[in-house]
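Data block for upload37.cif (mmCIF, C-alpha atoms):
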```cif
data_final
loop_
_atom_site.label_atom_id
_atom_site.label_comp_id
_atom_site.auth_asym_id
_atom_site.auth_seq_id
_atom_site.Cartn_x
_atom_site.Cartn_y
_atom_site.Cartn_z
CA MET A 12 173.32 106.58 -31.89
CA LYS A 13 173.03 110.34 -31.30
CA LEU A 14 169.42 111.68 -31.44
CA ASN A 15 168.69 115.13 -32.83
CA LYS A 16 166.17 117.43 -31.09
CA PHE A 17 163.29 116.47 -33.37
CA THR A 18 163.88 112.76 -32.97
CA HIS A 19 164.24 113.14 -29.21
CA PHE A 20 160.97 115.08 -28.97
CA PHE A 21 159.13 112.55 -31.14
CA PHE A 22 160.46 109.62 -29.10
CA PHE A 23 159.48 111.29 -25.81
CA LYS A 24 155.99 112.13 -27.09
CA LYS A 25 155.42 108.59 -28.33
CA THR A 26 156.61 107.11 -25.03
CA PHE A 27 154.40 109.50 -23.05
CA LEU A 28 151.30 108.60 -25.11
CA LEU A 29 152.01 104.88 -24.69
CA MET A 30 152.32 105.29 -20.92
CA CYS A 31 149.02 107.22 -20.82
CA ILE A 32 147.30 104.45 -22.77
CA LEU A 33 148.69 101.78 -20.40
CA VAL A 34 147.63 103.72 -17.31
CA PHE A 35 144.13 104.27 -18.73
CA ALA A 36 143.81 100.63 -19.75
CA GLY A 37 144.99 99.47 -16.33
CA SER A 38 142.51 101.76 -14.57
CA PHE A 39 139.69 100.53 -16.81
CA LEU A 40 140.62 96.90 -16.17
CA CYS A 41 140.67 97.44 -12.40
CA LEU A 42 137.30 99.17 -12.58
CA ALA A 43 135.85 96.33 -14.65
CA GLN A 44 137.21 93.72 -12.22
CA ASN A 45 135.76 95.62 -9.26
CA GLU A 46 132.39 95.78 -10.97
CA THR A 47 132.56 92.04 -11.71
CA LYS A 48 133.34 91.31 -8.06
CA LYS A 49 130.40 93.49 -7.02
CA GLU A 50 128.15 91.56 -9.39
CA GLU A 51 129.44 88.24 -8.01
CA LYS A 52 128.73 89.36 -4.45
CA LYS A 53 125.35 90.80 -5.35
CA PRO A 54 122.80 88.14 -4.32
CA VAL A 55 120.07 87.03 -6.68
CA LYS A 56 116.66 87.60 -5.11
CA ILE A 57 115.06 84.20 -4.65
CA ALA A 58 112.00 83.27 -2.60
CA LYS A 59 112.67 81.48 0.70
CA TYR A 60 110.16 78.79 -0.26
CA PHE A 61 109.60 77.77 -3.86
CA TYR A 62 108.98 75.03 -6.39
CA LYS A 63 110.76 75.19 -9.72
CA LYS A 64 110.67 72.87 -12.68
CA LEU A 65 113.96 73.15 -14.56
CA ASP A 66 115.61 71.41 -17.49
CA GLY A 67 118.93 71.70 -19.29
CA GLN A 68 122.24 69.95 -19.83
CA LEU A 69 124.76 68.02 -17.76
CA GLY A 70 127.61 67.78 -20.22
CA ASP A 71 125.97 66.27 -23.30
CA GLN A 72 123.13 64.67 -21.33
CA ARG A 73 119.65 66.17 -21.03
CA ILE A 74 118.47 66.52 -17.41
CA GLU A 75 115.29 67.64 -15.62
CA PHE A 76 114.94 68.95 -12.06
CA ASP A 77 111.87 69.22 -9.83
CA LEU A 78 113.37 71.43 -7.11
CA MET A 79 111.86 72.81 -3.91
CA ARG A 80 113.33 75.23 -1.40
CA PHE A 81 112.47 75.22 2.31
CA GLY A 82 114.49 78.05 3.86
CA SER A 83 118.15 77.04 3.50
CA THR A 84 117.29 73.50 2.38
CA LEU A 85 116.81 72.24 -1.17
CA GLU A 86 115.10 68.95 -2.05
CA GLY A 87 113.69 67.35 -5.16
CA HIS A 88 114.04 64.83 -7.95
CA PHE A 89 115.94 64.71 -11.20
CA TYR A 90 115.78 62.68 -14.39
CA PHE A 91 118.22 61.82 -17.13
CA LEU A 92 116.48 61.66 -20.51
CA ASP A 93 117.77 58.12 -21.18
CA LYS A 94 117.03 56.63 -17.72
CA GLU A 95 113.74 55.35 -16.31
CA GLU A 96 114.39 55.65 -12.57
CA LYS A 97 114.34 59.08 -10.97
CA GLY A 98 117.09 60.25 -8.65
CA THR A 99 116.90 62.41 -5.57
CA ILE A 100 118.66 65.73 -5.06
CA ARG A 101 119.15 67.16 -1.60
CA GLY A 102 121.28 69.96 -0.22
CA THR A 103 121.52 73.63 0.72
CA ILE A 104 121.26 77.14 -0.70
CA SER A 105 123.06 80.21 0.67
CA GLU A 106 121.77 83.76 1.01
CA THR A 107 123.71 84.67 -2.14
CA GLY A 108 122.14 81.87 -4.17
CA ARG A 109 124.99 79.35 -4.04
CA VAL A 110 123.71 75.79 -4.40
CA SER A 111 125.20 72.54 -3.12
CA LEU A 112 123.30 69.34 -3.91
CA GLU A 113 123.89 65.64 -3.37
CA GLU A 114 122.83 63.29 -6.16
CA ILE A 115 121.25 60.25 -4.53
CA GLU A 116 120.27 56.92 -6.09
CA GLY A 117 118.38 54.76 -3.60
CA ASN A 118 119.95 53.55 -0.37
CA THR A 119 123.08 51.68 0.63
CA ALA A 120 122.97 48.20 2.16
CA GLU A 121 122.99 49.93 5.57
CA GLY A 122 119.88 51.95 4.64
CA GLU A 123 121.73 55.25 4.23
CA PRO A 124 121.25 57.53 1.16
CA ASN A 125 123.46 56.29 -1.69
CA VAL A 126 125.27 59.48 -2.75
CA VAL A 127 126.71 59.08 -6.26
CA GLY A 128 127.55 62.68 -7.17
CA PHE A 129 127.49 66.36 -6.29
CA PHE A 130 126.10 69.47 -7.98
CA ASP A 131 127.79 72.75 -7.00
CA GLY A 132 126.52 75.91 -8.63
CA LYS A 133 124.74 79.21 -8.31
CA PHE A 134 121.48 80.87 -9.25
CA MET A 135 122.61 83.07 -12.14
CA SER A 136 119.10 84.54 -12.14
CA PRO A 137 115.86 83.56 -10.37
CA THR A 138 115.21 81.11 -13.24
CA GLU A 139 118.65 79.64 -13.99
CA ILE A 140 121.23 77.54 -12.12
CA ALA A 141 124.70 76.84 -13.51
CA GLY A 142 127.77 75.15 -12.11
CA THR A 143 129.73 71.92 -11.99
CA TRP A 144 129.01 68.28 -11.23
CA HIS A 145 131.42 65.58 -10.10
CA SER A 146 130.99 61.94 -9.21
CA PHE A 147 131.31 60.68 -5.64
CA ASP A 148 134.74 59.18 -6.34
CA GLY A 149 135.91 62.36 -8.08
CA GLU A 150 136.79 60.55 -11.30
CA GLN A 151 134.09 62.18 -13.42
CA TYR A 152 133.56 65.89 -13.84
CA ASN A 153 131.27 68.08 -15.96
CA THR A 154 129.39 71.36 -16.16
CA PHE A 155 125.62 71.81 -15.94
CA THR A 156 123.03 74.46 -16.66
CA VAL A 157 119.28 74.22 -15.98
CA LYS A 158 116.60 76.82 -16.63
CA GLU A 159 113.07 77.09 -15.29
CA ASN A 160 110.61 75.62 -17.77
CA TYR A 161 107.08 74.24 -17.48
CA PRO A 162 106.10 71.96 -20.37
CA GLU A 163 102.58 72.24 -21.72
CA LYS A 164 101.37 69.20 -19.79
CA SER A 165 102.69 70.33 -16.41
CA SER A 166 101.72 73.14 -14.05
CA SER A 167 103.31 75.84 -11.92
CA PHE A 168 103.03 75.74 -8.13
CA TRP A 169 104.17 77.88 -5.26
CA VAL A 170 105.15 76.78 -1.77
CA VAL A 171 103.62 78.07 1.48
CA HIS A 172 105.24 77.77 4.89
CA GLU A 173 103.44 78.19 8.21
CA GLY A 174 104.75 77.30 11.64
CA ARG A 175 104.91 77.75 15.38
CA SER A 176 107.65 77.44 17.99
CA TYR A 177 107.54 77.55 21.76
CA SER A 178 110.32 78.21 24.30
CA GLY A 179 112.99 76.96 21.91
CA THR A 180 112.09 73.35 22.69
CA ALA A 181 109.06 72.77 20.47
CA THR A 182 108.64 73.39 16.75
CA VAL A 183 105.93 72.60 14.25
CA ASP A 184 106.21 73.30 10.52
CA LEU A 185 103.50 73.07 7.88
CA VAL A 186 104.70 73.29 4.27
CA TYR A 187 102.32 72.80 1.38
CA ILE A 188 102.04 73.59 -2.30
CA VAL A 189 99.41 75.66 -4.05
CA MET A 190 98.69 74.99 -7.70
CA GLY A 191 98.82 78.04 -9.98
CA GLU A 192 95.55 78.85 -11.72
CA GLU A 193 96.78 80.42 -14.95
CA LYS A 194 96.26 77.02 -16.59
CA HIS A 195 93.93 74.15 -15.63
CA LYS A 196 91.80 76.26 -13.32
CA ALA A 197 89.25 73.53 -12.52
CA THR A 198 92.03 71.04 -11.71
CA ALA A 199 93.80 73.61 -9.53
CA GLU A 200 90.63 74.15 -7.52
CA LYS A 201 90.26 70.38 -6.94
CA ILE A 202 93.89 69.80 -5.94
CA ASN A 203 94.08 72.87 -3.70
CA ALA A 204 90.81 71.87 -2.02
CA PHE A 205 92.14 68.34 -1.48
CA ILE A 206 95.30 69.68 0.18
CA ASN A 207 93.37 72.05 2.42
CA SER A 208 90.93 69.31 3.41
CA HIS A 209 93.84 67.04 4.33
CA ILE A 210 95.23 69.70 6.68
CA LEU A 211 91.89 70.52 8.30
CA ASN A 212 91.00 66.84 8.75
CA TYR A 213 94.46 65.65 9.69
CA ASP A 214 94.66 62.36 11.56
CA HIS A 215 97.54 63.31 13.83
CA PRO A 216 99.06 60.23 15.54
CA LYS A 217 99.46 62.11 18.85
CA SER A 218 96.39 64.36 18.96
CA ALA A 219 92.84 63.48 19.93
CA LYS A 220 91.58 66.33 17.75
CA LYS A 221 90.94 65.29 14.14
CA GLN A 222 89.19 68.36 12.71
CA PHE A 223 90.39 71.96 12.60
CA GLY A 224 88.68 75.19 11.62
CA ASP A 225 91.76 76.61 9.88
CA HIS A 226 95.52 76.18 9.63
CA SER A 227 96.16 78.31 12.71
CA GLU A 228 93.99 76.02 14.80
CA PHE A 229 95.95 73.03 13.49
CA LEU A 230 99.27 74.62 14.51
CA ASP A 231 97.94 75.96 17.82
CA ASP A 232 96.83 72.45 18.77
CA PHE A 233 100.48 71.41 18.77
CA VAL A 234 101.50 74.34 21.00
CA ASN A 235 98.62 73.77 23.43
CA ARG A 236 99.41 70.06 23.74
CA TYR A 237 103.07 70.88 24.29
CA LYS A 238 102.34 73.41 27.04
CA LYS A 239 100.33 70.80 28.92
CA ALA A 240 102.97 68.10 28.42
CA SER A 241 105.84 70.41 29.44
CA GLU A 242 104.07 71.41 32.68
CA GLU A 243 103.72 67.74 33.57
CA ALA A 244 107.33 66.98 32.58
CA GLN A 245 108.73 69.86 34.64
CA LYS A 246 106.89 68.66 37.71
CA ALA A 247 108.00 65.06 37.23
CA GLU A 248 111.49 65.50 35.70
CA GLY A 249 112.37 69.14 36.20
CA GLN A 250 113.02 69.83 32.52
CA MET A 251 111.24 70.73 29.28
CA PRO A 252 110.66 67.97 26.74
CA ILE A 253 111.77 68.29 23.09
CA TRP A 254 109.03 68.13 20.47
CA ASP A 255 109.46 68.43 16.72
CA ASN A 256 106.69 68.11 14.09
CA HIS A 257 107.11 68.50 10.33
CA HIS A 258 104.23 68.18 7.89
CA GLN A 259 104.89 68.60 4.18
CA ILE A 260 102.61 68.32 1.16
CA ILE A 261 104.90 68.67 -1.82
CA LEU A 262 105.32 67.57 -5.43
CA ASP A 263 106.74 64.19 -6.37
CA TYR A 264 105.96 64.43 -10.11
CA ASN A 265 104.67 67.13 -12.43
CA ASN A 266 104.66 66.28 -16.13
CA HIS A 267 102.90 64.32 -18.90
CA ASN A 268 99.43 65.28 -17.58
CA ILE A 269 100.21 63.67 -14.20
CA ILE A 270 100.52 65.40 -10.83
CA VAL A 271 101.76 63.35 -7.87
CA LEU A 272 101.52 64.80 -4.37
CA GLU A 273 103.81 63.54 -1.62
CA PHE A 274 102.52 63.76 1.96
CA ILE A 275 105.43 63.63 4.42
CA GLU A 276 104.91 63.35 8.15
CA SER A 277 107.60 63.41 10.82
CA VAL A 278 106.34 63.59 14.39
CA PHE A 279 108.53 63.46 17.47
CA GLU A 280 106.82 64.08 20.80
CA GLY A 281 109.02 62.07 23.10
CA GLY A 282 109.88 58.40 22.98
CA ALA A 283 112.62 56.44 21.27
CA TYR A 284 112.13 57.72 17.73
CA ALA A 285 110.08 59.96 15.47
CA HIS A 286 106.90 58.73 13.83
CA GLU A 287 107.52 59.04 10.07
CA LYS A 288 105.28 58.34 7.11
CA VAL A 289 105.18 59.15 3.38
CA ASN A 290 102.06 58.74 1.26
CA PHE A 291 101.31 59.56 -2.37
CA VAL A 292 98.22 60.72 -4.26
CA ASN A 293 98.17 60.78 -8.08
CA PHE A 294 96.04 63.23 -10.09
CA ASP A 295 95.10 63.58 -13.74
CA LEU A 296 96.09 67.12 -14.73
CA GLY A 297 93.31 67.29 -17.31
CA THR A 298 90.43 66.33 -14.99
CA GLY A 299 91.76 66.85 -11.47
CA ASN A 300 90.58 63.34 -10.55
CA HIS A 301 92.58 60.73 -8.64
CA ILE A 302 94.32 58.17 -10.86
CA LYS A 303 93.49 54.61 -9.83
CA LEU A 304 95.45 51.51 -10.78
CA GLU A 305 92.40 50.17 -12.62
CA GLU A 306 92.60 53.14 -15.00
CA LEU A 307 96.23 52.36 -15.87
CA PHE A 308 96.19 48.65 -16.55
CA GLU A 309 94.32 46.05 -18.53
CA LYS A 310 91.70 43.82 -16.93
CA ASP A 311 93.01 41.25 -14.42
CA PHE A 312 96.38 42.99 -14.22
CA MET A 313 97.02 42.51 -10.50
CA PRO A 314 98.41 38.92 -10.40
CA LYS A 315 101.11 39.68 -12.99
CA LEU A 316 101.92 43.12 -11.54
CA THR A 317 102.22 41.55 -8.08
CA LYS A 318 104.52 38.80 -9.33
CA ILE A 319 106.85 41.33 -11.00
CA ALA A 320 106.80 43.54 -7.89
CA GLU A 321 107.56 40.58 -5.62
CA ASN A 322 110.64 39.63 -7.66
CA ILE A 323 111.91 43.21 -7.42
CA PHE A 324 111.19 43.29 -3.68
CA ARG A 325 112.98 40.00 -3.03
CA ASN A 326 116.07 40.95 -5.05
CA LYS A 327 116.33 44.45 -3.63
CA TYR A 328 115.98 43.54 0.04
CA GLY A 329 117.78 40.18 0.14
CA PHE A 330 114.74 37.89 0.28
CA LYS A 331 115.41 36.10 -3.02
CA ASP A 332 115.39 32.56 -1.63
CA ILE A 333 113.17 33.18 1.40
CA LYS A 334 110.06 30.99 1.53
CA ASP A 335 108.57 32.31 4.75
CA PHE A 336 108.47 36.13 5.03
CA SER A 337 107.31 36.01 8.65
CA LYS A 338 110.56 34.35 9.75
CA GLU A 339 112.41 37.40 8.39
CA GLY A 340 110.18 39.84 10.30
CA ILE A 341 108.08 40.71 7.24
CA ASN A 342 104.33 40.58 7.84
CA PHE A 343 102.05 40.27 4.81
CA LYS A 344 98.48 39.07 5.07
CA ASP A 345 98.47 35.27 4.89
CA ASN A 346 102.27 35.51 4.56
CA LYS A 347 101.91 36.32 0.84
CA PHE A 348 103.45 39.35 -0.86
CA THR A 349 100.78 41.95 -1.58
CA LEU A 350 100.91 45.42 -3.10
CA ASN A 351 99.29 48.29 -1.22
CA ASP A 352 97.61 51.43 -2.60
CA ASN A 353 100.48 53.80 -1.75
CA TYR A 354 102.04 54.37 -5.18
CA ALA A 355 103.59 57.20 -7.18
CA LEU A 356 103.67 57.48 -10.96
CA SER A 357 106.68 58.99 -12.74
CA LYS A 358 108.23 59.25 -16.19
CA GLY A 359 109.92 55.85 -16.04
CA GLY A 360 107.81 53.68 -13.78
CA ILE A 361 105.61 53.26 -10.74
CA THR A 362 106.89 53.24 -7.14
CA PHE A 363 105.11 51.41 -4.34
CA ARG A 364 106.00 52.33 -0.76
CA PHE A 365 105.47 50.45 2.49
CA ASN A 366 105.96 52.83 5.40
CA GLU A 367 107.78 52.10 8.64
CA ASP A 368 105.93 49.56 10.83
CA GLU A 369 103.60 48.68 7.92
CA ILE A 370 105.05 45.27 6.99
CA GLY A 371 108.09 45.09 9.27
CA VAL A 372 109.38 46.21 12.65
CA HIS A 373 110.40 49.85 12.99
CA SER A 374 114.12 49.14 12.82
CA MET A 375 113.70 47.73 9.31
CA GLY A 376 112.51 51.11 8.05
CA ALA A 377 110.38 51.72 4.97
CA PHE A 378 110.39 49.63 1.80
CA GLU A 379 110.09 51.00 -1.74
CA ILE A 380 109.70 49.09 -5.00
CA PHE A 381 110.26 50.74 -8.37
CA ILE A 382 108.64 48.94 -11.31
CA PRO A 383 109.90 50.23 -14.70
CA TYR A 384 107.22 50.66 -17.35
CA SER A 385 109.49 48.72 -19.72
CA THR A 386 108.76 45.56 -17.67
CA ILE A 387 104.96 45.98 -17.78
CA THR A 388 104.20 47.52 -21.20
CA ASP A 389 101.81 44.66 -22.00
CA LEU A 390 99.72 45.53 -18.92
CA ILE A 391 99.30 49.25 -19.64
CA LYS A 392 96.10 50.39 -21.34
CA LYS A 393 96.55 52.29 -24.58
CA ASP A 394 94.12 55.03 -23.48
CA SER A 395 95.29 55.23 -19.86
CA PRO A 396 96.64 58.35 -18.09
CA LEU A 397 100.08 56.94 -18.96
CA GLN A 398 99.42 57.33 -22.68
CA GLU A 399 101.41 60.57 -22.94
CA ILE A 400 104.47 58.94 -21.35
CA MET A 401 104.24 55.74 -23.38
CA GLU A 402 103.94 57.61 -26.67
CA ASN A 403 106.95 59.84 -25.93
CA HIS A 404 109.34 57.42 -24.27
CA TYR A 405 108.39 53.83 -25.25
#
```
Would you give me this structure, written as structure tokens?
Amino acid sequence: MKLNKFTHFFFFKKTFLLMCILVFAGSFLCLAQNETKKEEKKPVKIAKYFYKKLDGQLGDQRIEFDLMRFGSTLEGHFYFLDKEEKGTIRGTISETGRVSLEEIEGNTAEGEPNVVGFFDGKFMSPTEIAGTWHSFDGEQYNTFTVKENYPEKSSSFWVVHEGRSYSGTATVDLVYIVMGEEKHKATAEKINAFINSHILNYDHPKSAKKQFGDHSEFLDDFVNRYKKASEEAQKAEGQMPIWDNHHQIILDYNNHNIIVLEFIESVFEGGAYAHEKVNFVNFDLGTGNHIKLEELFEKDFMPKLTKIAENIFRNKYGFKDIKDFSKEGINFKDNKFTLNDNYALSKGGITFRFNEDEIGVHSMGAFEIFIPYSTITDLIKKDSPLQEIMENHY
């Protein structure tokens, strides 16, 4: 077809305008993509040490996180709304806020953490994490989002880190929480005072000193003892010993008017293995007082609670048909199963812990028993500190 001058001009003009639009659109798209990449690379400012209470969704399931950061390490607990037992989350965080967490449910038969899934995500803001989750076998996959949220009957905390190191061969870390005072001021004063008193009156398994004027004196005691020990070791062996102490006072539970502190001790100052211990203290958020077992359960509760706990203990650790604990290396008073006073309350039940060397030889490790509230509802007082949990979940 032969084009006249007018048609040719119109066709050229239309083509030119279309090309201009495409070039402009392409430039805009490239600019937008560059800006997006800049945003992706731009790190979210997050404290090096923190505690965050978060809740949200994993697929169509409601989940809750109690998450703490210690430098590049993340640790905490999580709950599914429809499950009683809490899980453990443990992993790392990068400088840009990328998060990688293992989902752990108890231990394997060999005593190793039983990893059942993985959370991979990113801090979208200082108060929100989003990403993906997949099961250990890779057969299940979903997305998750959690946002920082403190229910009315919980409290905010921040995390403090203090430490010392010497010559690259000795390190001591002290990590502890401080309860925020915007709510429950009287309780915050009691809990913070309890934590500080624990540090200043710390019964260190390797130190003769049991009282300290302040935190610096507590940390300096480690360095001073190390200097003396290293001088002796260099004379005798010609090398510096390796020492490593970690002391943590962190949160195990923070909801339903209950605060549970977890005291973690890991002390290595030579020898075959580190001295490790975990103890719990439970507080009433309303009063700031310790929660005792007698406040939770009806009169004469202990025989039935002990019987239920013993069945769980036997089934979990392979002692179901054992008549004599001592022949298995388990040492209870009078060879009868007995509960101790090292327990932690949670949304779904109560955990009792026997530390290493407490009822068995060191190689057997620690023992933990989780007793679901659903198995002991008849023992729980109606006006106990567990009332809030029982009314909302049972």
* **Reference answer for the PyMOL selection byres ((chain A and resi 110) around 10), as a ChimeraX atom specification** => /A:83-85,102-109,111-112,130-134,140-142
Run the PyMOL selection byres ((chain A and resi 213) around 12) mentally over the shown coordinates, then write out the matched residues as a CSV table (one decimal) with C-alpha atoms, in the coordinates of the input, using the chain letters and numbers from the document.
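Result saved to out_17.csv:
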```csv
chain,number,residue,atom,x,y,z
A,185,LEU,CA,103.5,73.1,7.9
A,205,PHE,CA,92.1,68.3,-1.5
A,206,ILE,CA,95.3,69.7,0.2
A,207,ASN,CA,93.4,72.0,2.4
A,208,SER,CA,90.9,69.3,3.4
A,209,HIS,CA,93.8,67.0,4.3
A,210,ILE,CA,95.2,69.7,6.7
A,211,LEU,CA,91.9,70.5,8.3
A,212,ASN,CA,91.0,66.8,8.8
A,214,ASP,CA,94.7,62.4,11.6
A,215,HIS,CA,97.5,63.3,13.8
A,216,PRO,CA,99.1,60.2,15.5
A,217,LYS,CA,99.5,62.1,18.8
A,218,SER,CA,96.4,64.4,19.0
A,219,ALA,CA,92.8,63.5,19.9
A,220,LYS,CA,91.6,66.3,17.8
A,221,LYS,CA,90.9,65.3,14.1
A,222,GLN,CA,89.2,68.4,12.7
A,223,PHE,CA,90.4,72.0,12.6
A,224,GLY,CA,88.7,75.2,11.6
A,225,ASP,CA,91.8,76.6,9.9
A,226,HIS,CA,95.5,76.2,9.6
A,228,GLU,CA,94.0,76.0,14.8
A,229,PHE,CA,96.0,73.0,13.5
A,230,LEU,CA,99.3,74.6,14.5
A,232,ASP,CA,96.8,72.4,18.8
A,258,HIS,CA,104.2,68.2,7.9
A,274,PHE,CA,102.5,63.8,2.0
A,276,GLU,CA,104.9,63.4,8.2
```
* To do: Tell me which protein, DNA and RNA residues are within 10 Å of A:Phe348, counting all atoms listed in the file, leaving out same-chain ones fewer than 5 positions away, and put them as number ranges by chain.
  => A: 317-318, 320-322, 324-325, 336, 341-343, 370
* Please write as number ranges by chain the full residue list that the PyMOL selection byres ((chain A and resi 59) around 6) yields on this file. => A: 58, 60, 82
Can you pull out every residue within 7 Å of stretch 291-295 of chain A, counting all atoms listed in the file, but drop anything in the same chain fewer than 5 positions away, and send it as a PDB file with C-alpha atoms, in the frame of the given file?
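The file below, selection.pdb, is the result:
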```
ATOM      1  CA  ASN A 268      99.430  65.280 -17.580  1.00  0.00           C
ATOM      2  CA  ILE A 269     100.210  63.670 -14.200  1.00  0.00           C
ATOM      3  CA  ILE A 270     100.520  65.400 -10.830  1.00  0.00           C
ATOM      4  CA  VAL A 271     101.760  63.350  -7.870  1.00  0.00           C
ATOM      5  CA  LEU A 272     101.520  64.800  -4.370  1.00  0.00           C
ATOM      6  CA  GLU A 273     103.810  63.540  -1.620  1.00  0.00           C
ATOM      7  CA  PHE A 274     102.520  63.760   1.960  1.00  0.00           C
ATOM      8  CA  ASN A 300      90.580  63.340 -10.550  1.00  0.00           C
ATOM      9  CA  HIS A 301      92.580  60.730  -8.640  1.00  0.00           C
ATOM     10  CA  ILE A 302      94.320  58.170 -10.860  1.00  0.00           C
ATOM     11  CA  ASN A 353     100.480  53.800  -1.750  1.00  0.00           C
ATOM     12  CA  TYR A 354     102.040  54.370  -5.180  1.00  0.00           C
ATOM     13  CA  ALA A 355     103.590  57.200  -7.180  1.00  0.00           C
ATOM     14  CA  PRO A 396      96.640  58.350 -18.090  1.00  0.00           C
TER      15      PRO A 396
END
```
* Asked: By how many Å are atom CA of A:Asn203 and atom CA of A:Met190 apart?
  -> 6.5 Å
A:Thr388 environment, 10 Å, all atoms listed in the file, sequence neighbours closer than 3 positions dropped, as a PDB file with C-alpha atoms, in the coordinates of the input:
```pdb
ATOM      1  CA  PHE A 308      96.190  48.650 -16.550  1.00  0.00           C
ATOM      2  CA  PRO A 383     109.900  50.230 -14.700  1.00  0.00           C
ATOM      3  CA  TYR A 384     107.220  50.660 -17.350  1.00  0.00           C
ATOM      4  CA  SER A 385     109.490  48.720 -19.720  1.00  0.00           C
ATOM      5  CA  ILE A 391      99.300  49.250 -19.640  1.00  0.00           C
ATOM      6  CA  LYS A 392      96.100  50.390 -21.340  1.00  0.00           C
ATOM      7  CA  LYS A 393      96.550  52.290 -24.580  1.00  0.00           C
ATOM      8  CA  MET A 401     104.240  55.740 -23.380  1.00  0.00           C
ATOM      9  CA  TYR A 405     108.390  53.830 -25.250  1.00  0.00           C
TER      10      TYR A 405
END
```
Step by step: start from the point (112.5, 70.8, -11.6) in the file's coordinates, keep every protein, DNA or RNA residue that has an atom no farther than 9 Å from it, count only C-alpha atoms, and write the set as an mmCIF file with C-alpha atoms, in the coordinates of the input.
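What ended up in selection_23.cif:
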```
data_model
loop_
_atom_site.group_PDB
_atom_site.id
_atom_site.type_symbol
_atom_site.label_atom_id
_atom_site.label_comp_id
_atom_site.auth_asym_id
_atom_site.auth_seq_id
_atom_site.Cartn_x
_atom_site.Cartn_y
_atom_site.Cartn_z
ATOM 1 C CA TYR A 62 108.980 75.030 -6.390
ATOM 2 C CA LYS A 63 110.760 75.190 -9.720
ATOM 3 C CA LYS A 64 110.670 72.870 -12.680
ATOM 4 C CA LEU A 65 113.960 73.150 -14.560
ATOM 5 C CA ASP A 66 115.610 71.410 -17.490
ATOM 6 C CA GLU A 75 115.290 67.640 -15.620
ATOM 7 C CA PHE A 76 114.940 68.950 -12.060
ATOM 8 C CA ASP A 77 111.870 69.220 -9.830
ATOM 9 C CA LEU A 78 113.370 71.430 -7.110
ATOM 10 C CA MET A 79 111.860 72.810 -3.910
ATOM 11 C CA GLY A 87 113.690 67.350 -5.160
ATOM 12 C CA HIS A 88 114.040 64.830 -7.950
ATOM 13 C CA PHE A 89 115.940 64.710 -11.200
ATOM 14 C CA VAL A 157 119.280 74.220 -15.980
ATOM 15 C CA LYS A 158 116.600 76.820 -16.630
ATOM 16 C CA GLU A 159 113.070 77.090 -15.290
ATOM 17 C CA ASN A 160 110.610 75.620 -17.770
ATOM 18 C CA TYR A 161 107.080 74.240 -17.480
ATOM 19 C CA ASN A 265 104.670 67.130 -12.430
#
```
Mind checking which residues fall within 12 Å of A:Val183, counting all atoms listed in the file, ignoring those fewer than 2 positions away in the same chain, and posting them as an mmCIF file with C-alpha atoms, in the frame of the given file?
```cif
data_model
loop_
_atom_site.group_PDB
_atom_site.id
_atom_site.type_symbol
_atom_site.label_atom_id
_atom_site.label_comp_id
_atom_site.auth_asym_id
_atom_site.auth_seq_id
_atom_site.Cartn_x
_atom_site.Cartn_y
_atom_site.Cartn_z
ATOM 1 C CA HIS A 172 105.240 77.770 4.890
ATOM 2 C CA GLU A 173 103.440 78.190 8.210
ATOM 3 C CA GLY A 174 104.750 77.300 11.640
ATOM 4 C CA ARG A 175 104.910 77.750 15.380
ATOM 5 C CA SER A 176 107.650 77.440 17.990
ATOM 6 C CA TYR A 177 107.540 77.550 21.760
ATOM 7 C CA GLY A 179 112.990 76.960 21.910
ATOM 8 C CA THR A 180 112.090 73.350 22.690
ATOM 9 C CA ALA A 181 109.060 72.770 20.470
ATOM 10 C CA LEU A 185 103.500 73.070 7.880
ATOM 11 C CA VAL A 186 104.700 73.290 4.270
ATOM 12 C CA HIS A 226 95.520 76.180 9.630
ATOM 13 C CA SER A 227 96.160 78.310 12.710
ATOM 14 C CA PHE A 229 95.950 73.030 13.490
ATOM 15 C CA LEU A 230 99.270 74.620 14.510
ATOM 16 C CA ASP A 231 97.940 75.960 17.820
ATOM 17 C CA ASP A 232 96.830 72.450 18.770
ATOM 18 C CA PHE A 233 100.480 71.410 18.770
ATOM 19 C CA VAL A 234 101.500 74.340 21.000
ATOM 20 C CA ASN A 235 98.620 73.770 23.430
ATOM 21 C CA ARG A 236 99.410 70.060 23.740
ATOM 22 C CA TYR A 237 103.070 70.880 24.290
ATOM 23 C CA ILE A 253 111.770 68.290 23.090
ATOM 24 C CA TRP A 254 109.030 68.130 20.470
ATOM 25 C CA ASP A 255 109.460 68.430 16.720
ATOM 26 C CA ASN A 256 106.690 68.110 14.090
ATOM 27 C CA HIS A 257 107.110 68.500 10.330
ATOM 28 C CA HIS A 258 104.230 68.180 7.890
ATOM 29 C CA GLN A 259 104.890 68.600 4.180
ATOM 30 C CA GLU A 276 104.910 63.350 8.150
ATOM 31 C CA SER A 277 107.600 63.410 10.820
ATOM 32 C CA VAL A 278 106.340 63.590 14.390
ATOM 33 C CA PHE A 279 108.530 63.460 17.470
ATOM 34 C CA GLU A 280 106.820 64.080 20.800
#
```
Emit stretch 363-371 of chain A of the structure in the block as a file comprising C-alpha atoms, as an mmCIF file, in the first residue's frame.
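Written out: part00.cif:
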```
data_model
loop_
_atom_site.group_PDB
_atom_site.id
_atom_site.type_symbol
_atom_site.label_atom_id
_atom_site.label_comp_id
_atom_site.auth_asym_id
_atom_site.auth_seq_id
_atom_site.Cartn_x
_atom_site.Cartn_y
_atom_site.Cartn_z
ATOM 1 C CA PHE A 363 10.091 -29.910 86.369
ATOM 2 C CA ARG A 364 13.835 -30.045 85.728
ATOM 3 C CA PHE A 365 16.558 -32.146 87.346
ATOM 4 C CA ASN A 366 19.944 -30.671 86.481
ATOM 5 C CA GLU A 367 23.058 -32.595 85.506
ATOM 6 C CA ASP A 368 24.505 -34.617 88.425
ATOM 7 C CA GLU A 369 21.327 -34.037 90.471
ATOM 8 C CA ILE A 370 19.770 -37.518 90.183
ATOM 9 C CA GLY A 371 22.163 -39.211 87.756
#
```
